[in-house]
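A.B. asks: Structure incoming, see below.
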Amino acid sequence: MRAARFHEYGGAESLVIEQAPDPDPGLGEIRVRVAAASVNPIDWKLRAGTLHQLIPLELPAIPGRDAAGVVDEIGDGVQGVSIGDRVFGLGGVTGATAELVILSAWAHAPDTWNDEQAAGAGLASVTAMRGLNALGSLAGRTLLVEGAAGGVGGAAVEIAVAQGATVIGTASERNHEFLTALGAVPTTYGPGLAQRLSALAPHGVDIALDTAASGSLDDLVAITGDPTRVATVADHAGGQRLGTHVVNAENDSTLLSAAAELGRQGRYTPRIEQTYPLEQIADAHAHAERGRTRGKIVICI
């Protein structure tokens, strides 16, 4: 199969397109012929070697954790899916940016999503849902999403609105119209946030989800009044220091299916900032590293 790989840790220029061995599904896994794969922050951090001590890789490695495509082969013990089904989901921390990928968690992709949107839904929706679930029932509550224009933040906004929350989202001013389209009340991040929120939410902010790791956790705890009313999916050290909920993404087919159902209902649509062909994966990684993205970056295989 053709795949993007890196043979040593380094910059985006270390990525090459080459032939790699076809993977085989194991127990409880499926193999998917990939239509598109998304780029997540962990992808370029792993490639750059910044997570080497925490997550050492066997090189050469194929970047990418989530993808969408058509089921090509089914491992032992798998039920509820057939060869030819269109799915999206998650595999290991690497392996997705290739013609074939092994998924250990998946759901049927709704017809309302194209391949690029389905590819952008996996890690973003699972991360957002786990962060939101840590905060309890959302119905009738006012939620602040820090970093609401990113892939996870945007997913959290739409999913929270679908669950009955009033959502305020922070982003740069150029993304405020985008947040409004997602269903959030937009505001800027940074100093003076509490004062801005007092005007937008005169009855207070009940709960907060940090997706940005921008150093705002102390402020979020002060704004909500209780660290247990704050969850972070991005600032693990800060969350542990303050006693907030600290959430990691997990390969969870139940959450993927819930996201897909919201997609079928038209209540969650993964937002794509830009797509790149496989041959331009270095450009896609460089784009992701610059940050300030509006939605997801996706590689078309």
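Residues in the structure tokens are numbered from 1 in each chain, the chains being A, B, ... in the order shown, and ligands are numbered from 1 in the order shown.
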Listing only residues of region 210-274 of chain A within 7 Å of region 147-162 of chain A, what is the closest atom pair and its distance in Å (to one decimal) for each, using only C-alpha atoms, sorted by chain and residue number ascending, as JSON lines?

C.D. replies:
{"residue": "A:Asp210", "atom": "CA", "partner": "A:Gly147", "partner_atom": "CA", "distance": 6.9}
{"residue": "A:Thr211", "atom": "CA", "partner": "A:Gly147", "partner_atom": "CA", "distance": 5.5}
{"residue": "A:Ala212", "atom": "CA", "partner": "A:Gly147", "partner_atom": "CA", "distance": 4.9}
{"residue": "A:Arg267", "atom": "CA", "partner": "A:Ala162", "partner_atom": "CA", "distance": 6.2}
{"residue": "A:Tyr268", "atom": "CA", "partner": "A:Glu158", "partner_atom": "CA", "distance": 5.7}
{"residue": "A:Pro270", "atom": "CA", "partner": "A:Ala155", "partner_atom": "CA", "distance": 6.7}

A.B. asks: Residues of the last selection are to be written out with N, CA and C atoms, as an mmCIF file, in the first residue's frame.

C.D. replies:
data_model
loop_
_atom_site.group_PDB
_atom_site.id
_atom_site.type_symbol
_atom_site.label_atom_id
_atom_site.label_comp_id
_atom_site.auth_asym_id
_atom_site.auth_seq_id
_atom_site.Cartn_x
_atom_site.Cartn_y
_atom_site.Cartn_z
ATOM 1 N N ASP A 210 -12.163 23.034 28.550
ATOM 2 C CA ASP A 210 -10.955 23.592 27.952
ATOM 3 C C ASP A 210 -10.447 22.653 26.875
ATOM 4 N N THR A 211 -10.383 23.134 25.632
ATOM 5 C CA THR A 211 -9.825 22.344 24.543
ATOM 6 C C THR A 211 -8.561 22.980 23.984
ATOM 7 N N ALA A 212 -8.081 24.047 24.613
ATOM 8 C CA ALA A 212 -7.033 24.860 24.003
ATOM 9 C C ALA A 212 -5.686 24.808 24.711
ATOM 10 N N ARG A 267 -27.495 17.437 13.404
ATOM 11 C CA ARG A 267 -27.182 18.242 14.581
ATOM 12 C C ARG A 267 -25.685 18.325 14.870
ATOM 13 N N TYR A 268 -24.888 17.551 14.123
ATOM 14 C CA TYR A 268 -23.429 17.615 14.243
ATOM 15 C C TYR A 268 -22.826 17.362 12.864
ATOM 16 N N PRO A 270 -19.044 17.686 11.178
ATOM 17 C CA PRO A 270 -17.625 18.028 11.331
ATOM 18 C C PRO A 270 -17.222 19.130 10.352
#

A.B. asks: Write out as a ChimeraX atom specification which residues come within 12 Å of Val246 (chain A) when counting only C-alpha atoms, dropping same-chain ones fewer than 2 positions away.

C.D. replies: /A:127,130-135,209-211,213,217,227-244,248-249

A.B. asks: Which value, in Å to one decimal, gives the distance between CA of Gly120 (chain A) and CA of Arg33 (chain A)?

C.D. replies: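 Between CA of Gly120 (chain A) and CA of Arg33 (chain A) the gap is 16.0 Å.
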
A.B. asks: Tell me, in Å to one decimal, how far CA of Trp44 (chain A) is from CA of Ser125 (chain A).

C.D. replies: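 Taking CA of Trp44 (chain A) and CA of Ser125 (chain A), their separation equals 19.5 Å.
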
A.B. asks: I want to know what sits within 12 Å of Pro63 (chain A), based on only C-alpha atoms, with residues of the same chain fewer than 6 positions away left out; could you give that as an MDAnalysis selection string?

C.D. replies: chainID A and resid 3:7 9 12 14:17 37:48 57 91:98 101 278 281:282 284:285 299

A.B. asks: Can you check which residues of region 70-290 of chain A DSSP gives as strand (DSSP E) on the backbone and send them as an MDAnalysis selection string?

C.D. replies: chainID A and resid 70:74 86:90 100:103 105:108 142:146 166:170 185:187 207:210 230:232 245:246 272:277

A.B. asks: What's around Ser172 (chain A) at 12 Å? Count only C-alpha atoms, leave out sequence neighbours fewer than 5 positions away in its own chain, and write the answer as a ChimeraX atom specification.

C.D. replies: /A:146-150,177-179,186-190,292-294

A.B. asks: Store the residues of this selection in a file with N, CA, C and O atoms, as a tab-separated table (two decimals), in the first residue's frame.

C.D. replies:
chain	number	residue	atom	x	y	z
A	146	GLU	N	-13.59	26.73	25.84
A	146	GLU	CA	-12.36	27.48	25.56
A	146	GLU	C	-11.68	26.85	24.35
A	146	GLU	O	-11.37	25.65	24.33
A	147	GLY	N	-11.44	27.65	23.31
A	147	GLY	CA	-10.89	27.12	22.08
A	147	GLY	C	-11.96	26.51	21.20
A	147	GLY	O	-11.79	25.42	20.64
A	148	ALA	N	-13.08	27.22	21.03
A	148	ALA	CA	-14.27	26.62	20.42
A	148	ALA	C	-14.21	26.50	18.91
A	148	ALA	O	-15.06	25.84	18.31
A	149	ALA	N	-13.23	27.11	18.26
A	149	ALA	CA	-13.17	27.05	16.80
A	149	ALA	C	-12.32	25.89	16.28
A	149	ALA	O	-12.34	25.61	15.09
A	150	GLY	N	-11.59	25.20	17.16
A	150	GLY	CA	-10.76	24.09	16.73
A	150	GLY	C	-11.57	22.84	16.45
A	150	GLY	O	-12.80	22.83	16.59
A	177	GLU	N	-17.95	34.61	13.58
A	177	GLU	CA	-19.07	34.26	12.71
A	177	GLU	C	-19.19	32.73	12.59
A	177	GLU	O	-20.30	32.18	12.57
A	178	PHE	N	-18.05	32.07	12.54
A	178	PHE	CA	-18.01	30.61	12.50
A	178	PHE	C	-18.66	30.02	13.75
A	178	PHE	O	-19.48	29.09	13.67
A	179	LEU	N	-18.34	30.56	14.93
A	179	LEU	CA	-18.92	30.06	16.18
A	179	LEU	C	-20.43	30.28	16.21
A	179	LEU	O	-21.18	29.42	16.69
A	186	PRO	N	-20.26	33.85	20.68
A	186	PRO	CA	-18.80	33.99	20.64
A	186	PRO	C	-18.28	35.11	21.53
A	186	PRO	O	-18.95	36.12	21.76
A	187	THR	N	-17.07	34.91	22.03
A	187	THR	CA	-16.34	35.97	22.71
A	187	THR	C	-14.85	35.70	22.52
A	187	THR	O	-14.46	34.61	22.11
A	188	THR	N	-14.03	36.70	22.79
A	188	THR	CA	-12.59	36.51	22.65
A	188	THR	C	-12.03	35.88	23.93
A	188	THR	O	-12.63	35.93	25.00
A	189	TYR	N	-10.86	35.26	23.78
A	189	TYR	CA	-10.18	34.66	24.92
A	189	TYR	C	-9.18	35.65	25.49
A	189	TYR	O	-8.98	36.74	24.95
A	190	GLY	N	-8.55	35.29	26.60
A	190	GLY	CA	-7.50	36.13	27.15
A	190	GLY	C	-7.98	37.00	28.30
A	190	GLY	O	-9.08	36.82	28.83
A	292	ARG	N	-4.32	27.69	15.34
A	292	ARG	CA	-5.38	28.64	15.02
A	292	ARG	C	-6.26	28.13	13.88
A	292	ARG	O	-6.71	28.90	13.04
A	293	THR	N	-6.47	26.80	13.83
A	293	THR	CA	-7.29	26.26	12.76
A	293	THR	C	-8.77	26.43	13.09
A	293	THR	O	-9.17	26.52	14.24
A	294	ARG	N	-9.56	26.46	12.04
A	294	ARG	CA	-11.02	26.56	12.17
A	294	ARG	C	-11.58	25.24	11.69
A	294	ARG	O	-11.81	25.03	10.50

A.B. asks: Neighbours of region 78-88 of chain A within 8 Å (only C-alpha atoms; same-chain residues fewer than 2 positions away dropped), as an NGL selection string?

C.D. replies: :A and (27-30 or 66-76 or 90 or 106-109 or 118-119 or 121-122)

A.B. asks: Need the shell around Ala165 (chain A): protein/DNA/RNA residues with any atom at most 6 Å away, counting only C-alpha atoms. Skip same-chain ones fewer than 6 positions apart. Format as a PDB file with N, CA, C and O atoms, in the first residue's frame?

C.D. replies:
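What landed in out_12.pdb:
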ATOM      1  N   LEU A 138     -26.087  18.375  30.541  1.00  0.00           N
ATOM      2  CA  LEU A 138     -25.874  19.683  29.931  1.00  0.00           C
ATOM      3  C   LEU A 138     -27.172  20.471  29.770  1.00  0.00           C
ATOM      4  O   LEU A 138     -27.133  21.693  29.610  1.00  0.00           O
ATOM      5  N   ALA A 139     -28.289  19.796  29.800  1.00  0.00           N
ATOM      6  CA  ALA A 139     -29.574  20.442  29.513  1.00  0.00           C
ATOM      7  C   ALA A 139     -29.828  21.597  30.472  1.00  0.00           C
ATOM      8  O   ALA A 139     -29.737  21.450  31.697  1.00  0.00           O
ATOM      9  N   GLY A 140     -30.090  22.775  29.921  1.00  0.00           N
ATOM     10  CA  GLY A 140     -30.435  23.935  30.721  1.00  0.00           C
ATOM     11  C   GLY A 140     -29.257  24.616  31.384  1.00  0.00           C
ATOM     12  O   GLY A 140     -29.449  25.573  32.142  1.00  0.00           O
ATOM     13  N   ARG A 141     -28.047  24.183  31.125  1.00  0.00           N
ATOM     14  CA  ARG A 141     -26.874  24.767  31.760  1.00  0.00           C
ATOM     15  C   ARG A 141     -26.111  25.630  30.763  1.00  0.00           C
ATOM     16  O   ARG A 141     -26.211  25.440  29.550  1.00  0.00           O
ATOM     17  N   THR A 142     -25.348  26.571  31.290  1.00  0.00           N
ATOM     18  CA  THR A 142     -24.514  27.435  30.459  1.00  0.00           C
ATOM     19  C   THR A 142     -23.086  26.907  30.476  1.00  0.00           C
ATOM     20  O   THR A 142     -22.460  26.802  31.536  1.00  0.00           O
TER      21      THR A 142
END

A.B. asks: From the DSSP assignment of the backbone, select every residue of region 148-252 of chain A that is helix (DSSP H, G or I), and format the answer as a ChimeraX atom specification.

C.D. replies: /A:151-162,173-182,193-200,217-224,227-229,236-242

A.B. asks: Just write the chosen residues, N, CA and C atoms, as a compact mmCIF listing (two decimals), in the first residue's frame.

C.D. replies:
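Here's the written file part08.txt:
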# COMPACT_ATOMS: atom_id res chain seq x y z
N GLY A 151 -10.89 21.77 16.07
CA GLY A 151 -11.59 20.54 15.74
C GLY A 151 -12.39 19.98 16.90
N VAL A 152 -11.77 19.85 18.07
CA VAL A 152 -12.47 19.34 19.25
C VAL A 152 -13.46 20.37 19.78
N GLY A 153 -13.04 21.63 19.83
CA GLY A 153 -13.91 22.68 20.35
C GLY A 153 -15.18 22.83 19.53
N GLY A 154 -15.04 22.81 18.20
CA GLY A 154 -16.22 22.93 17.35
C GLY A 154 -17.17 21.77 17.52
N ALA A 155 -16.62 20.55 17.63
CA ALA A 155 -17.45 19.38 17.89
C ALA A 155 -18.17 19.52 19.22
N ALA A 156 -17.45 19.99 20.25
CA ALA A 156 -18.06 20.15 21.57
C ALA A 156 -19.22 21.14 21.54
N VAL A 157 -19.06 22.22 20.79
CA VAL A 157 -20.13 23.22 20.70
C VAL A 157 -21.40 22.59 20.15
N GLU A 158 -21.28 21.95 18.99
CA GLU A 158 -22.48 21.39 18.36
C GLU A 158 -23.11 20.28 19.19
N ILE A 159 -22.29 19.42 19.77
CA ILE A 159 -22.82 18.31 20.56
C ILE A 159 -23.49 18.84 21.82
N ALA A 160 -22.89 19.85 22.46
CA ALA A 160 -23.49 20.43 23.66
C ALA A 160 -24.81 21.14 23.35
N VAL A 161 -24.86 21.86 22.25
CA VAL A 161 -26.11 22.52 21.85
C VAL A 161 -27.19 21.47 21.61
N ALA A 162 -26.81 20.36 20.97
CA ALA A 162 -27.76 19.28 20.71
C ALA A 162 -28.29 18.67 22.00
N GLU A 173 -11.37 36.89 16.96
CA GLU A 173 -12.51 37.58 16.37
C GLU A 173 -12.81 37.10 14.95
N ARG A 174 -11.78 36.69 14.22
CA ARG A 174 -12.02 36.24 12.84
C ARG A 174 -12.88 34.98 12.79
N ASN A 175 -12.98 34.27 13.93
CA ASN A 175 -13.77 33.03 13.98
C ASN A 175 -15.13 33.20 14.65
N HIS A 176 -15.51 34.43 14.99
CA HIS A 176 -16.76 34.61 15.71
C HIS A 176 -17.98 34.26 14.87
N GLU A 177 -17.95 34.61 13.58
CA GLU A 177 -19.07 34.26 12.71
C GLU A 177 -19.19 32.73 12.59
N PHE A 178 -18.05 32.07 12.54
CA PHE A 178 -18.01 30.61 12.50
C PHE A 178 -18.66 30.02 13.75
N LEU A 179 -18.34 30.56 14.93
CA LEU A 179 -18.92 30.06 16.18
C LEU A 179 -20.43 30.28 16.21
N THR A 180 -20.87 31.41 15.72
CA THR A 180 -22.30 31.68 15.67
C THR A 180 -23.00 30.63 14.82
N ALA A 181 -22.39 30.26 13.70
CA ALA A 181 -22.97 29.24 12.82
C ALA A 181 -23.04 27.88 13.52
N LEU A 182 -22.12 27.62 14.43
CA LEU A 182 -22.14 26.36 15.19
C LEU A 182 -23.22 26.36 16.27
N LEU A 193 -11.68 37.94 30.44
CA LEU A 193 -12.73 36.99 30.07
C LEU A 193 -13.89 37.01 31.07
N ALA A 194 -13.58 37.05 32.35
CA ALA A 194 -14.64 37.04 33.36
C ALA A 194 -15.58 38.23 33.19
N GLN A 195 -15.02 39.38 32.88
CA GLN A 195 -15.85 40.58 32.70
C GLN A 195 -16.72 40.45 31.45
N ARG A 196 -16.17 39.90 30.37
CA ARG A 196 -16.96 39.71 29.15
C ARG A 196 -18.08 38.70 29.39
N LEU A 197 -17.79 37.67 30.16
CA LEU A 197 -18.81 36.66 30.42
C LEU A 197 -19.94 37.21 31.30
N SER A 198 -19.62 38.14 32.19
CA SER A 198 -20.67 38.68 33.06
C SER A 198 -21.74 39.38 32.25
N ALA A 199 -21.36 39.93 31.09
CA ALA A 199 -22.34 40.56 30.22
C ALA A 199 -23.08 39.54 29.38
N LEU A 200 -22.38 38.49 28.94
CA LEU A 200 -23.00 37.47 28.09
C LEU A 200 -23.83 36.47 28.87
N LEU A 217 -6.87 27.71 32.69
CA LEU A 217 -7.61 26.85 33.62
C LEU A 217 -7.90 27.54 34.95
N ASP A 218 -6.94 28.27 35.48
CA ASP A 218 -7.18 28.98 36.74
C ASP A 218 -8.37 29.92 36.61
N ASP A 219 -8.45 30.62 35.48
CA ASP A 219 -9.58 31.53 35.25
C ASP A 219 -10.89 30.76 35.13
N LEU A 220 -10.86 29.61 34.46
CA LEU A 220 -12.09 28.83 34.29
C LEU A 220 -12.61 28.33 35.64
N VAL A 221 -11.69 27.92 36.51
CA VAL A 221 -12.10 27.49 37.85
C VAL A 221 -12.71 28.66 38.62
N ALA A 222 -12.10 29.83 38.51
CA ALA A 222 -12.64 31.01 39.19
C ALA A 222 -14.01 31.40 38.63
N ILE A 223 -14.17 31.28 37.32
CA ILE A 223 -15.43 31.67 36.67
C ILE A 223 -16.57 30.74 37.07
N THR A 224 -16.29 29.42 37.13
CA THR A 224 -17.35 28.46 37.48
C THR A 224 -17.49 28.29 38.98
N PRO A 227 -13.52 23.56 40.79
CA PRO A 227 -12.74 22.82 39.81
C PRO A 227 -13.47 21.62 39.22
N THR A 228 -14.43 21.05 39.97
CA THR A 228 -15.16 19.90 39.44
C THR A 228 -16.19 20.31 38.39
N ARG A 229 -16.34 21.62 38.17
CA ARG A 229 -17.21 22.09 37.09
C ARG A 229 -16.42 22.41 35.83
N HIS A 236 -3.29 18.74 30.78
CA HIS A 236 -3.35 17.71 31.81
C HIS A 236 -2.62 18.13 33.08
N ALA A 237 -1.48 18.75 32.95
CA ALA A 237 -0.71 19.16 34.13
C ALA A 237 -1.49 20.20 34.93
N GLY A 238 -2.05 21.19 34.23
CA GLY A 238 -2.85 22.20 34.92
C GLY A 238 -4.08 21.62 35.56
N GLY A 239 -4.74 20.71 34.88
CA GLY A 239 -5.94 20.10 35.44
C GLY A 239 -5.65 19.30 36.69
N GLN A 240 -4.55 18.56 36.67
CA GLN A 240 -4.19 17.77 37.86
C GLN A 240 -3.82 18.69 39.01
N ARG A 241 -3.17 19.80 38.71
CA ARG A 241 -2.79 20.75 39.76
C ARG A 241 -4.02 21.37 40.42
N LEU A 242 -5.02 21.66 39.61
CA LEU A 242 -6.20 22.37 40.11
C LEU A 242 -7.33 21.45 40.57
